[in-house]
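Colleague: Below: one structure in structure tokens.
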Amino acid sequence: MLSLTLLRHGAVDERPFVLWGQLDPPVSDAGWAAMQRAVDGQRWDGVISSPLQRCRSFAQAVQPDCRVIDALREMHFGGWQGMTPAEVMASDGERYAAFQRDPEHLAPPDGEALPLFRKRVLGALADWQQSGLDGDWLCLTHGGVIRVLLQAWLRIDDHWRIAVPPATLIRFLLPEGGDPVLLALKPPP
């Protein structure tokens with residue numbers, strides 16, 4: 001039996017809701033401590049991770065030989081990367097509002113389209129699952145990746161309705177040939 005625990009990386013800095021995208025800042029000390037509290041007392045048979053250091057550093061601390069999967073990196077927010085939604089609204093409000101209304105057909109300027117991001121993430125996880133794994137696995141990744149997985153696995157229409165705060169832990173059972181089953185949701189400590 002295969003289970004996968006998704007852990008969103010901890011906070012990067014004191015500004016909440018930053019669209020970090022594929023920028024690669026480290027997790028703050030407080031963010032690291034929150035991730036540690038989220039996983040205390042748990043063990044995994046394997047660990048997979050986004051290549052970005054805000055995920056990879058903690059994954060390697062948990063399991064030095066963790067498997068890094070490039071496709072688990074966050075969505076590329078193009079010209080909006082590193083900005084908060086308020087900052088994007090102030091500088092590119094009309095386009096940002098349109099993207100919020102229709103993320104399936106509009107993308108951030110010079111960024112990644114949501115359907116391509118979704119295909120990348122779901123394809124990577126499907127490939128990973130098909131490698132014949134078993135046991136309890138941990139996946140260190142990003143809020144956008146987790147939203148895409150939750151949307152697909154739980155059949156939620158609107159991915160903006162899903163909030164995944166830093167250091168949130170979500171565990172799924174992934175039965176072979178069956179639908180994923182949500183086992184546990186642990187908000188950040």
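Labels for the structure tokens follow display order: chains A, B, ..., residues from 1 in each chain, ligands from 1.
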Write out as a list in words all residues of region 25-94 of chain A that DSSP puts in strand (DSSP E or B) for this structure's backbone.

Modeller: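 Selection result, strand (DSSP E or B) within region 25-94 of chain A: Gly46, Val47, Ile48, Ser49, Arg67, Val68 and Met83 of chain A.
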
Colleague: Considering only C-alpha atoms, return as a list in words whatever protein or nucleic-acid residues lie within 10 Å of region 129-133 of chain A, sequence-local ones (same chain, fewer than 5 positions apart) excluded.

Modeller: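 Near neighbours after the sequence-gap exclusion: Met1, Leu2, Ser3, Leu4, Asp45, Gly46, Gly123, Ala124, Leu174, Pro175 and Glu176 of chain A.
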
Colleague: Using all heavy atoms, can you write the selected residues to a file as a compact mmCIF listing (two decimals), in the first residue's frame?

Modeller:
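selection23.txt, freshly written:
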# COMPACT_ATOMS: atom_id res chain seq x y z
N MET A 1 0.86 -1.18 0.00
CA MET A 1 0.00 0.00 0.00
C MET A 1 0.90 1.23 0.00
O MET A 1 1.91 1.27 0.70
CB MET A 1 -0.88 -0.03 1.24
CG MET A 1 -1.98 0.99 1.24
SD MET A 1 -3.30 0.76 0.03
CE MET A 1 -4.04 -0.74 0.56
N LEU A 2 0.51 2.23 -0.76
CA LEU A 2 1.30 3.46 -0.89
C LEU A 2 0.53 4.63 -0.29
O LEU A 2 -0.64 4.84 -0.60
CB LEU A 2 1.58 3.73 -2.37
CG LEU A 2 2.35 5.00 -2.73
CD1 LEU A 2 3.74 4.98 -2.11
CD2 LEU A 2 2.44 5.16 -4.25
N SER A 3 1.19 5.38 0.58
CA SER A 3 0.61 6.63 1.07
C SER A 3 1.60 7.76 0.81
O SER A 3 2.82 7.53 0.76
CB SER A 3 0.27 6.56 2.57
OG SER A 3 1.45 6.57 3.34
N LEU A 4 1.07 8.95 0.63
CA LEU A 4 1.90 10.12 0.35
C LEU A 4 1.45 11.26 1.26
O LEU A 4 0.28 11.64 1.25
CB LEU A 4 1.77 10.55 -1.12
CG LEU A 4 2.63 11.73 -1.55
CD1 LEU A 4 4.11 11.39 -1.43
CD2 LEU A 4 2.29 12.14 -2.99
N ASP A 45 9.18 5.88 4.48
CA ASP A 45 9.99 4.92 3.73
C ASP A 45 10.78 5.61 2.63
O ASP A 45 11.77 5.07 2.14
CB ASP A 45 9.08 3.84 3.12
CG ASP A 45 8.38 3.04 4.20
OD1 ASP A 45 9.09 2.50 5.08
OD2 ASP A 45 7.14 2.97 4.18
N GLY A 46 10.34 6.79 2.24
CA GLY A 46 11.04 7.56 1.22
C GLY A 46 10.57 8.99 1.23
O GLY A 46 9.50 9.31 1.78
N GLY A 123 1.43 14.69 -14.14
CA GLY A 123 2.26 13.73 -14.88
C GLY A 123 3.43 13.23 -14.05
O GLY A 123 3.74 12.02 -14.06
N ALA A 124 4.06 14.12 -13.32
CA ALA A 124 5.20 13.73 -12.47
C ALA A 124 4.77 12.76 -11.38
O ALA A 124 5.44 11.76 -11.12
CB ALA A 124 5.85 14.96 -11.86
N LEU A 174 -2.83 6.17 -1.67
CA LEU A 174 -2.85 6.10 -3.13
C LEU A 174 -3.00 4.64 -3.57
O LEU A 174 -2.02 3.97 -3.92
CB LEU A 174 -1.57 6.71 -3.70
CG LEU A 174 -1.29 8.17 -3.34
CD1 LEU A 174 0.06 8.61 -3.86
CD2 LEU A 174 -2.40 9.08 -3.83
N PRO A 175 -4.23 4.12 -3.54
CA PRO A 175 -4.42 2.71 -3.90
C PRO A 175 -4.14 2.48 -5.38
O PRO A 175 -4.52 3.30 -6.23
CB PRO A 175 -5.89 2.44 -3.56
CG PRO A 175 -6.54 3.77 -3.50
CD PRO A 175 -5.47 4.78 -3.20
N GLU A 176 -3.49 1.37 -5.67
CA GLU A 176 -3.17 1.05 -7.06
C GLU A 176 -4.47 0.87 -7.85
O GLU A 176 -5.34 0.10 -7.47
CB GLU A 176 -2.35 -0.24 -7.12
CG GLU A 176 -1.82 -0.53 -8.51
CD GLU A 176 -0.89 -1.73 -8.52
OE1 GLU A 176 -0.30 -2.05 -7.48
OE2 GLU A 176 -0.77 -2.33 -9.60

Colleague: Fewer than 6 positions away in the same chain doesn't count, so skip those; otherwise give me all residues within 8 Å of Ala38 (chain A), counting only C-alpha atoms, as a PDB file with all heavy atoms, in the first residue's frame.

Modeller:
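Just written: part-v6.pdb:
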ATOM      1  N   ALA A 167       3.740  25.021   5.915  1.00  0.00           N
ATOM      2  CA  ALA A 167       3.905  23.922   6.877  1.00  0.00           C
ATOM      3  C   ALA A 167       2.630  23.107   7.091  1.00  0.00           C
ATOM      4  O   ALA A 167       2.526  22.363   8.056  1.00  0.00           O
ATOM      5  CB  ALA A 167       4.473  24.415   8.204  1.00  0.00           C
ATOM      6  N   THR A 168       1.663  23.198   6.165  1.00  0.00           N
ATOM      7  CA  THR A 168       0.481  22.335   6.198  1.00  0.00           C
ATOM      8  C   THR A 168       0.889  20.934   5.760  1.00  0.00           C
ATOM      9  O   THR A 168       1.681  20.771   4.834  1.00  0.00           O
ATOM     10  CB  THR A 168      -0.615  22.873   5.262  1.00  0.00           C
ATOM     11  OG1 THR A 168      -1.066  24.129   5.747  1.00  0.00           O
ATOM     12  CG2 THR A 168      -1.790  21.923   5.161  1.00  0.00           C
ATOM     13  N   LEU A 169       0.319  19.935   6.424  1.00  0.00           N
ATOM     14  CA  LEU A 169       0.610  18.538   6.134  1.00  0.00           C
ATOM     15  C   LEU A 169      -0.690  17.835   5.748  1.00  0.00           C
ATOM     16  O   LEU A 169      -1.690  17.946   6.457  1.00  0.00           O
ATOM     17  CB  LEU A 169       1.194  17.900   7.398  1.00  0.00           C
ATOM     18  CG  LEU A 169       1.878  16.571   7.237  1.00  0.00           C
ATOM     19  CD1 LEU A 169       3.349  16.735   7.607  1.00  0.00           C
ATOM     20  CD2 LEU A 169       1.236  15.584   8.174  1.00  0.00           C
ATOM     21  N   LYS A 186      -3.493  18.231   8.455  1.00  0.00           N
ATOM     22  CA  LYS A 186      -2.952  18.845   9.665  1.00  0.00           C
ATOM     23  C   LYS A 186      -2.542  20.278   9.342  1.00  0.00           C
ATOM     24  O   LYS A 186      -1.575  20.500   8.620  1.00  0.00           O
ATOM     25  CB  LYS A 186      -1.751  18.034  10.160  1.00  0.00           C
ATOM     26  CG  LYS A 186      -1.156  18.541  11.451  1.00  0.00           C
ATOM     27  CD  LYS A 186       0.009  17.651  11.851  1.00  0.00           C
ATOM     28  CE  LYS A 186       0.710  18.199  13.067  1.00  0.00           C
ATOM     29  NZ  LYS A 186       1.918  17.396  13.377  1.00  0.00           N
ATOM     30  N   PRO A 188      -0.946  24.048   9.855  1.00  0.00           N
ATOM     31  CA  PRO A 188       0.375  24.363  10.383  1.00  0.00           C
ATOM     32  C   PRO A 188       0.339  24.473  11.918  1.00  0.00           C
ATOM     33  O   PRO A 188      -0.658  24.920  12.477  1.00  0.00           O
ATOM     34  CB  PRO A 188       0.736  25.703   9.754  1.00  0.00           C
ATOM     35  CG  PRO A 188      -0.448  26.154   9.015  1.00  0.00           C
ATOM     36  CD  PRO A 188      -1.443  25.060   8.959  1.00  0.00           C
ATOM     37  N   PRO A 189       1.448  24.045  12.536  1.00  0.00           N
ATOM     38  CA  PRO A 189       1.509  24.111  14.012  1.00  0.00           C
ATOM     39  C   PRO A 189       1.554  25.535  14.518  1.00  0.00           C
ATOM     40  O   PRO A 189       1.926  26.434  13.855  1.00  0.00           O
ATOM     41  CB  PRO A 189       2.783  23.354  14.333  1.00  0.00           C
ATOM     42  CG  PRO A 189       3.541  23.208  13.064  1.00  0.00           C
ATOM     43  CD  PRO A 189       2.615  23.480  11.946  1.00  0.00           C
TER      44      PRO A 189
END

Colleague: Which residues come within 6 Å of region 10-27 of chain A, counting only C-alpha atoms, excluding same-chain residues fewer than 3 positions away, as a list in words?

Modeller: Gly31, Trp32, Met35, Leu52, Arg54, Glu74, Met75, His76, Phe77, Gln81, Gly82, Met83, Thr84, Pro166 and Ala167 of chain A

Colleague: Would you mind telling me which residue in A:Val62, A:Ala30, A:Leu173, A:Leu125 lies nearest to Val47 (chain A) when using only C-alpha atoms?

Modeller: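 With only C-alpha atoms as the atom set, the closest residue is A:Val62.
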